Each structure stands twice: as structure tokens, then as C-alpha cells.
file work-v2.pdb (PDB, C-alpha atoms, pLDDT in the B column)
ATOM      1  CA  MET A  18     -43.612 -24.636  17.151  1.00 56.00           C
ATOM      2  CA  LEU A  19     -47.102 -23.286  16.542  1.00 56.00           C
ATOM      3  CA  PRO A  20     -47.310 -20.943  19.579  1.00 58.00           C
ATOM      4  CA  ILE A  21     -44.126 -19.204  18.438  1.00 59.00           C
ATOM      5  CA  ALA A  22     -45.466 -18.592  14.920  1.00 66.00           C
ATOM      6  CA  LEU A  23     -48.956 -17.414  15.929  1.00 71.00           C
ATOM      7  CA  PRO A  24     -49.557 -13.743  16.604  1.00 78.00           C
ATOM      8  CA  GLY A  25     -50.524 -12.799  20.141  1.00 78.00           C
ATOM      9  CA  ILE A  26     -54.043 -11.801  19.172  1.00 82.00           C
ATOM     10  CA  VAL A  27     -54.783 -15.229  17.696  1.00 85.00           C
ATOM     11  CA  THR A  28     -53.351 -16.944  20.767  1.00 83.00           C
ATOM     12  CA  GLY A  29     -55.313 -14.663  23.091  1.00 86.00           C
ATOM     13  CA  ILE A  30     -58.626 -15.201  21.310  1.00 87.00           C
ATOM     14  CA  ALA A  31     -58.070 -18.968  21.139  1.00 87.00           C
ATOM     15  CA  LEU A  32     -57.228 -19.153  24.853  1.00 87.00           C
ATOM     16  CA  ASN A  33     -60.239 -17.000  25.742  1.00 87.00           C
ATOM     17  CA  SER A  34     -62.515 -19.272  23.742  1.00 89.00           C
ATOM     18  CA  ALA A  35     -60.978 -22.423  25.222  1.00 88.00           C
ATOM     19  CA  PHE A  36     -61.250 -21.105  28.773  1.00 87.00           C
ATOM     20  CA  GLY A  37     -64.855 -20.086  28.125  1.00 84.00           C
ATOM     21  CA  THR A  38     -65.871 -23.530  26.912  1.00 87.00           C
ATOM     22  CA  VAL A  39     -63.818 -25.579  29.399  1.00 84.00           C
ATOM     23  CA  LEU A  40     -63.722 -23.561  32.617  1.00 80.00           C
ATOM     24  CA  GLU A  41     -67.080 -21.768  32.562  1.00 79.00           C
ATOM     25  CA  PRO A  42     -69.117 -24.979  33.071  1.00 79.00           C
ATOM     26  CA  LEU A  43     -66.853 -25.772  36.054  1.00 84.00           C
ATOM     27  CA  GLY A  44     -67.605 -22.392  37.610  1.00 80.00           C
ATOM     28  CA  VAL A  45     -64.093 -21.013  37.104  1.00 80.00           C
ATOM     29  CA  GLY A  46     -64.037 -17.609  35.434  1.00 82.00           C
ATOM     30  CA  LEU A  47     -61.250 -15.623  33.889  1.00 85.00           C
ATOM     31  CA  GLY A  48     -58.698 -14.475  36.444  1.00 85.00           C
ATOM     32  CA  MET A  49     -55.094 -14.782  37.504  1.00 88.00           C
ATOM     33  CA  PHE A  50     -55.242 -18.586  37.119  1.00 88.00           C
ATOM     34  CA  THR A  51     -56.156 -18.283  33.437  1.00 88.00           C
ATOM     35  CA  VAL A  52     -53.424 -15.680  32.916  1.00 89.00           C
ATOM     36  CA  VAL A  53     -50.806 -18.051  34.347  1.00 90.00           C
ATOM     37  CA  VAL A  54     -52.105 -21.033  32.360  1.00 89.00           C
ATOM     38  CA  GLY A  55     -52.290 -18.953  29.171  1.00 88.00           C
ATOM     39  CA  HIS A  56     -48.747 -17.679  29.494  1.00 89.00           C
ATOM     40  CA  ALA A  57     -47.434 -21.120  30.411  1.00 90.00           C
ATOM     41  CA  THR A  58     -49.116 -22.489  27.277  1.00 86.00           C
ATOM     42  CA  PHE A  59     -47.007 -20.482  24.867  1.00 81.00           C
ATOM     43  CA  CYS A  60     -43.883 -20.119  27.020  1.00 86.00           C
ATOM     44  CA  ILE A  61     -43.327 -23.834  27.597  1.00 89.00           C
ATOM     45  CA  VAL A  62     -42.563 -24.193  23.890  1.00 86.00           C
ATOM     46  CA  VAL A  63     -39.545 -21.900  24.173  1.00 84.00           C
ATOM     47  CA  VAL A  64     -38.059 -23.845  27.077  1.00 88.00           C
ATOM     48  CA  PHE A  65     -38.848 -27.171  25.397  1.00 91.00           C
ATOM     49  CA  ASN A  66     -37.154 -26.160  22.136  1.00 88.00           C
ATOM     50  CA  ASN A  67     -33.995 -25.006  23.945  1.00 86.00           C
ATOM     51  CA  VAL A  68     -33.708 -28.158  26.026  1.00 88.00           C
ATOM     52  CA  VAL A  69     -34.450 -30.528  23.124  1.00 90.00           C
ATOM     53  CA  ALA A  70     -31.848 -28.791  20.959  1.00 88.00           C
ATOM     54  CA  ARG A  71     -29.249 -29.219  23.709  1.00 87.00           C
ATOM     55  CA  LEU A  72     -30.203 -32.848  24.395  1.00 85.00           C
ATOM     56  CA  ARG A  73     -29.883 -33.728  20.720  1.00 88.00           C
ATOM     57  CA  ARG A  74     -26.266 -32.548  20.785  1.00 87.00           C
ATOM     58  CA  LEU A  75     -25.374 -34.700  23.788  1.00 81.00           C
ATOM     59  CA  PRO A  76     -23.911 -38.114  23.119  1.00 82.00           C
ATOM     60  CA  GLY A  77     -25.604 -41.090  24.754  1.00 77.00           C
ATOM     61  CA  SER A  78     -22.230 -42.549  25.686  1.00 84.00           C
ATOM     62  CA  TYR A  79     -22.056 -40.477  28.904  1.00 82.00           C
ATOM     63  CA  GLU A  80     -25.121 -42.106  30.369  1.00 82.00           C
ATOM     64  CA  GLU A  81     -24.068 -45.541  29.103  1.00 84.00           C
ATOM     65  CA  ALA A  82     -20.661 -45.149  30.752  1.00 87.00           C
ATOM     66  CA  ALA A  83     -22.295 -44.199  34.061  1.00 86.00           C
ATOM     67  CA  MET A  84     -24.510 -47.280  33.889  1.00 86.00           C
ATOM     68  CA  ASP A  85     -21.512 -49.456  33.030  1.00 87.00           C
ATOM     69  CA  LEU A  86     -19.852 -48.161  36.186  1.00 88.00           C
ATOM     70  CA  GLY A  87     -22.851 -49.241  38.265  1.00 88.00           C
ATOM     71  CA  ALA A  88     -25.147 -46.205  38.386  1.00 86.00           C
ATOM     72  CA  HIS A  89     -28.854 -46.918  38.092  1.00 87.00           C
ATOM     73  CA  THR A  90     -30.987 -45.029  35.578  1.00 85.00           C
ATOM     74  CA  PHE A  91     -32.093 -42.206  37.880  1.00 88.00           C
ATOM     75  CA  ARG A  92     -28.582 -41.673  39.273  1.00 88.00           C
ATOM     76  CA  ALA A  93     -27.116 -41.568  35.750  1.00 85.00           C
ATOM     77  CA  PHE A  94     -29.733 -39.026  34.720  1.00 84.00           C
ATOM     78  CA  TRP A  95     -29.291 -36.871  37.834  1.00 88.00           C
ATOM     79  CA  ASP A  96     -25.491 -36.854  37.850  1.00 86.00           C
ATOM     80  CA  ILE A  97     -24.663 -37.003  34.146  1.00 83.00           C
ATOM     81  CA  THR A  98     -27.532 -36.020  31.859  1.00 83.00           C
ATOM     82  CA  PHE A  99     -29.309 -33.307  33.878  1.00 84.00           C
ATOM     83  CA  PRO A 100     -26.311 -30.996  34.544  1.00 85.00           C
ATOM     84  CA  LEU A 101     -25.448 -30.795  30.852  1.00 83.00           C
ATOM     85  CA  PRO A 102     -28.656 -29.049  29.617  1.00 84.00           C
ATOM     86  CA  ARG A 103     -28.991 -26.920  32.766  1.00 83.00           C
ATOM     87  CA  SER A 104     -27.831 -23.771  30.976  1.00 81.00           C
ATOM     88  CA  ALA A 105     -30.397 -24.465  28.231  1.00 84.00           C
ATOM     89  CA  LEU A 106     -33.100 -24.615  30.916  1.00 86.00           C
ATOM     90  CA  LEU A 107     -31.914 -21.299  32.318  1.00 83.00           C
ATOM     91  CA  ALA A 108     -31.766 -19.673  28.882  1.00 82.00           C
ATOM     92  CA  GLY A 109     -35.214 -21.024  28.026  1.00 85.00           C
ATOM     93  CA  GLY A 110     -36.572 -19.707  31.300  1.00 86.00           C
ATOM     94  CA  LEU A 111     -35.162 -16.243  30.663  1.00 83.00           C
ATOM     95  CA  LEU A 112     -36.555 -16.218  27.129  1.00 83.00           C
ATOM     96  CA  ALA A 113     -39.926 -17.437  28.374  1.00 86.00           C
ATOM     97  CA  PHE A 114     -40.001 -14.661  30.974  1.00 84.00           C
ATOM     98  CA  ALA A 115     -39.205 -12.045  28.341  1.00 81.00           C
ATOM     99  CA  LEU A 116     -41.882 -13.407  26.000  1.00 82.00           C
ATOM    100  CA  SER A 117     -44.419 -13.590  28.784  1.00 83.00           C
ATOM    101  CA  PHE A 118     -43.730 -10.048  29.918  1.00 81.00           C
ATOM    102  CA  ASP A 119     -44.088  -8.798  26.344  1.00 79.00           C
ATOM    103  CA  GLU A 120     -47.449 -10.497  25.660  1.00 82.00           C
ATOM    104  CA  ILE A 121     -49.902  -7.881  26.848  1.00 83.00           C
ATOM    105  CA  VAL A 122     -52.460  -9.036  24.272  1.00 85.00           C
ATOM    106  CA  VAL A 123     -52.642 -12.577  25.666  1.00 86.00           C
ATOM    107  CA  THR A 124     -52.988 -11.148  29.172  1.00 87.00           C
ATOM    108  CA  THR A 125     -55.811  -8.887  28.040  1.00 86.00           C
ATOM    109  CA  PHE A 126     -57.787 -11.817  26.638  1.00 87.00           C
ATOM    110  CA  THR A 127     -57.118 -14.247  29.484  1.00 87.00           C
ATOM    111  CA  ALA A 128     -57.498 -11.910  32.461  1.00 87.00           C
ATOM    112  CA  GLY A 129     -60.911 -11.329  33.879  1.00 80.00           C
ATOM    113  CA  PRO A 130     -62.334  -8.033  35.049  1.00 82.00           C
ATOM    114  CA  GLY A 131     -60.372  -6.541  37.902  1.00 81.00           C
ATOM    115  CA  VAL A 132     -57.187  -8.538  37.229  1.00 83.00           C
ATOM    116  CA  GLN A 133     -54.318  -6.171  36.616  1.00 84.00           C
ATOM    117  CA  THR A 134     -50.796  -7.379  36.004  1.00 84.00           C
ATOM    118  CA  LEU A 135     -47.747  -5.120  35.990  1.00 85.00           C
ATOM    119  CA  HIS A 136     -47.402  -4.792  32.238  1.00 78.00           C
ATOM    120  CA  VAL A 137     -51.132  -4.077  31.853  1.00 80.00           C
ATOM    121  CA  TRP A 138     -50.792  -1.400  34.531  1.00 84.00           C
ATOM    122  CA  ILE A 139     -47.836   0.153  32.679  1.00 83.00           C
ATOM    123  CA  PHE A 140     -49.747   0.058  29.392  1.00 80.00           C
ATOM    124  CA  ASN A 141     -52.830   1.684  30.956  1.00 81.00           C
ATOM    125  CA  ASN A 142     -50.839   4.434  32.686  1.00 83.00           C
ATOM    126  CA  MET A 143     -48.685   5.443  29.720  1.00 80.00           C
ATOM    127  CA  THR A 144     -51.414   7.732  28.390  1.00 79.00           C
ATOM    128  CA  ARG A 145     -51.865   9.581  31.708  1.00 77.00           C
ATOM    129  CA  PRO A 146     -49.434  12.486  31.985  1.00 76.00           C
ATOM    130  CA  GLN A 147     -49.787  12.647  35.781  1.00 78.00           C
ATOM    131  CA  GLN A 148     -48.517   9.065  36.101  1.00 73.00           C
ATOM    132  CA  ALA A 149     -45.488   9.498  33.809  1.00 76.00           C
ATOM    133  CA  PRO A 150     -42.908   9.744  36.639  1.00 84.00           C
ATOM    134  CA  VAL A 151     -44.315   6.645  38.361  1.00 85.00           C
ATOM    135  CA  VAL A 152     -44.283   4.649  35.121  1.00 84.00           C
ATOM    136  CA  ASN A 153     -40.712   5.792  34.431  1.00 86.00           C
ATOM    137  CA  VAL A 154     -39.562   4.684  37.889  1.00 88.00           C
ATOM    138  CA  VAL A 155     -41.259   1.289  37.527  1.00 86.00           C
ATOM    139  CA  ALA A 156     -39.703   0.807  34.077  1.00 84.00           C
ATOM    140  CA  ALA A 157     -36.255   1.768  35.370  1.00 88.00           C
ATOM    141  CA  ALA A 158     -36.622  -0.640  38.307  1.00 89.00           C
ATOM    142  CA  LEU A 159     -37.613  -3.422  35.894  1.00 84.00           C
ATOM    143  CA  VAL A 160     -34.557  -2.769  33.745  1.00 84.00           C
ATOM    144  CA  LEU A 161     -32.302  -2.874  36.809  1.00 86.00           C
ATOM    145  CA  LEU A 162     -33.969  -6.052  38.101  1.00 83.00           C
ATOM    146  CA  SER A 163     -33.606  -7.729  34.728  1.00 80.00           C
ATOM    147  CA  VAL A 164     -29.833  -7.230  34.834  1.00 82.00           C
ATOM    148  CA  VAL A 165     -29.514  -9.626  37.800  1.00 81.00           C
ATOM    149  CA  PRO A 166     -30.753 -12.823  36.053  1.00 75.00           C
ATOM    150  CA  ILE A 167     -28.865 -11.922  32.877  1.00 75.00           C
ATOM    151  CA  TYR A 168     -25.649 -11.517  34.853  1.00 79.00           C
ATOM    152  CA  ALA A 169     -26.330 -14.775  36.722  1.00 75.00           C
ATOM    153  CA  ALA A 170     -26.964 -16.601  33.448  1.00 70.00           C
ATOM    154  CA  GLN A 171     -23.747 -15.236  31.995  1.00 74.00           C
ATOM    155  CA  ARG A 172     -21.772 -16.314  35.059  1.00 74.00           C
ATOM    156  CA  LEU A 173     -23.316 -19.797  35.052  1.00 67.00           C
ATOM    157  CA  SER A 174     -22.682 -20.369  31.373  1.00 65.00           C
ATOM    158  CA  SER A 175     -19.160 -18.943  31.224  1.00 63.00           C
ATOM    159  CA  ASP A 176     -16.064 -21.091  31.181  1.00 51.00           C
ATOM    160  CA  THR A 177     -14.928 -21.671  34.760  1.00 51.00           C
ATOM    161  CA  THR A 178     -11.790 -23.677  34.025  1.00 49.00           C
ATOM    162  CA  GLY A 179      -9.610 -20.706  34.923  1.00 48.00           C
ATOM    163  CA  GLY A 180      -7.675 -20.764  31.667  1.00 47.00           C
ATOM    164  CA  GLY A 181      -6.955 -17.550  29.859  1.00 48.00           C
ATOM    165  CA  ARG A 182      -8.222 -16.597  26.455  1.00 49.00           C
ATOM    166  CA  VAL A 183      -6.226 -17.737  23.516  1.00 45.00           C
TER     167      VAL A 183
END
call {"tool": "encode", "arguments": {"input": "work-v2.pdb", "output": "C-alpha cells"}}
result
Amino acid sequence: MLPIALPGIVTGIALNSAFGTVLEPLGVGLGMFTVVVGHATFCIVVVFNNVVARLRRLPGSYEEAAMDLGAHTFRAFWDITFPLPRSALLAGGLLAFALSFDEIVVTTFTAGPGVQTLHVWIFNNMTRPQQAPVVNVVAAALVLLSVVPIYAAQRLSSDTTGGGRV
């Protein structure tokens, strides 16, 4: 739970320090690799918490029944256990993407010189009046593109039994 509670600046400084002490002796500097690893560090917690919460609500009797009917452990997991928390994985992934896109501070501390991600580019160009139309178009495109996974998540998690609302 700690990465959720820490402010972005603390996480960014800690990741910068860790990358400096671990990766610098190996000859790997700050770059896109450290940005991806840094964002994965605090985003994996969101996905993990969603999936664990869903798995705790699932009864173990489903998997036991599959094994009683002759399924081996992997088959019982793949056919019974894995489909049940799939929507939690999707929701965690969407939340992790939103958190990652919002963390410009962590990106600033983990990206090396010359590495420019989309949200850093938007942040840098917001103060330039000549770039305002370009930034507005990029922001509008991002909003439109974000509707697609939200719609897909809603369709995947909705009730597909065909029954009407009561």
C-alpha cells in the first residue's frame, strides 16, 4: 500500500536515488527504461490490490469441484479461477494507466536528459501560446482515445445474461 500513500515527489526522488546507486555502476543511465520501471513500480500495486480483493471474495469450492471432476491444477486455474477476476485485472489496468499518465513528477525524476514522454511534452508546451492549438488537439485526441477502453471495460463487465432490469 505504500506507493499509493506516498506523494509523487517522494516516489520520484527515491526512484532516482535507487536507479543512481543500482544502475549507474552497470553503465545504464536514466532513460525510457527507468521511466517504464519507475511507473511499473507504483502501478503494480493498484492492479495487485484489485485482483487480491476479487480473489478474496471467490469461494475455493469452484476450484475444488473442478479438481473433483478430474481437472488438474493448471486446468482448474485456467478454466475456473482465472476468468472470475478478469474484470478486476482490466479495472486495475485502467486505473494503473490513469495513475501512470498523471504522474509527471515521477517521470521527471526517472527520465534522463532528452527523454520526452507525451505528458511531459504537454506540460512543457502549456506555457507557450503558439503551441496552444496543438496541445488542445492532442488533449482532445487523448480524451477520445480514453473513451474506447472505458467503453470496452463497461461492455466486458456488464451483465450479458440478456435479462431485463427489474
call {"tool": "atom_distance", "arguments": {"input": "work-v2.pdb", "atom1": "atom CA of A:Leu112", "atom2": "atom CA of A:Asn67"}}
result
9.7 Å
call {"tool": "resolve_selection", "arguments": {"input": "work-v2.pdb", "expression": "the PyMOL selection byres ((chain A and resi 128) around 12)", "output": "NGL selection string"}}
result
:A and (29-30 or 32-33 or 36-37 or 46-56 or 121-127 or 129-134 or 137)
call {"tool": "write_last_selection", "arguments": {"input": "work-v2.pdb", "atoms": "C-alpha atoms", "output": "short mmCIF file (atom, residue, chain, number, x, y, z; two decimals), in the frame of the given file"}}
result
data_model
loop_
_atom_site.label_atom_id
_atom_site.label_comp_id
_atom_site.auth_asym_id
_atom_site.auth_seq_id
_atom_site.Cartn_x
_atom_site.Cartn_y
_atom_site.Cartn_z
CA GLY A 29 -55.31 -14.66 23.09
CA ILE A 30 -58.63 -15.20 21.31
CA LEU A 32 -57.23 -19.15 24.85
CA ASN A 33 -60.24 -17.00 25.74
CA PHE A 36 -61.25 -21.10 28.77
CA GLY A 37 -64.86 -20.09 28.12
CA GLY A 46 -64.04 -17.61 35.43
CA LEU A 47 -61.25 -15.62 33.89
CA GLY A 48 -58.70 -14.48 36.44
CA MET A 49 -55.09 -14.78 37.50
CA PHE A 50 -55.24 -18.59 37.12
CA THR A 51 -56.16 -18.28 33.44
CA VAL A 52 -53.42 -15.68 32.92
CA VAL A 53 -50.81 -18.05 34.35
CA VAL A 54 -52.10 -21.03 32.36
CA GLY A 55 -52.29 -18.95 29.17
CA HIS A 56 -48.75 -17.68 29.49
CA ILE A 121 -49.90 -7.88 26.85
CA VAL A 122 -52.46 -9.04 24.27
CA VAL A 123 -52.64 -12.58 25.67
CA THR A 124 -52.99 -11.15 29.17
CA THR A 125 -55.81 -8.89 28.04
CA PHE A 126 -57.79 -11.82 26.64
CA THR A 127 -57.12 -14.25 29.48
CA GLY A 129 -60.91 -11.33 33.88
CA PRO A 130 -62.33 -8.03 35.05
CA GLY A 131 -60.37 -6.54 37.90
CA VAL A 132 -57.19 -8.54 37.23
CA GLN A 133 -54.32 -6.17 36.62
CA THR A 134 -50.80 -7.38 36.00
CA VAL A 137 -51.13 -4.08 31.85
#
call {"tool": "atom_distance", "arguments": {"input": "work-v2.pdb", "atom1": "atom CA of A:Leu101", "atom2": "atom CA of A:Val68"}}
result
9.9 Å
call {"tool": "closest_residue", "arguments": {"input": "work-v2.pdb", "among": "A:Arg73, A:Ala31, A:Gly109, A:Trp95", "to": "A:Ile61", "atoms": "all atoms listed in the file"}}
result
A:Gly109
call {"tool": "atom_distance", "arguments": {"input": "work-v2.pdb", "atom1": "atom CA of A:Leu23", "atom2": "atom CA of A:Leu106"}}
result
23.0 Å
call {"tool": "residues_around", "arguments": {"input": "work-v2.pdb", "residues": "stretch 151-153 of chain A", "least_positions_apart": "5", "cutoff": "10 Å", "atoms": "all atoms listed in the file", "output": "MDAnalysis selection string"}}
result
chainID A and resid 138:143 145:146 158:159
call {"tool": "resolve_selection", "arguments": {"input": "work-v2.pdb", "expression": "the PyMOL selection byres ((chain A and resi 60) around 10)", "output": "list in words"}}
result
Pro20, Ile21, Val54, Gly55, His56, Ala57, Thr58, Phe59, Ile61, Val62, Val63, Val64, Phe65, Gly109, Gly110, Leu112, Ala113, Phe114, Ala115, Leu116 and Ser117 of chain A
call {"tool": "closest_residue", "arguments": {"input": "work-v2.pdb", "among": "A:Gly87, A:Glu120, A:Val160, A:Tyr79", "to": "A:Val27", "atoms": "only C-alpha atoms"}}
result
A:Glu120
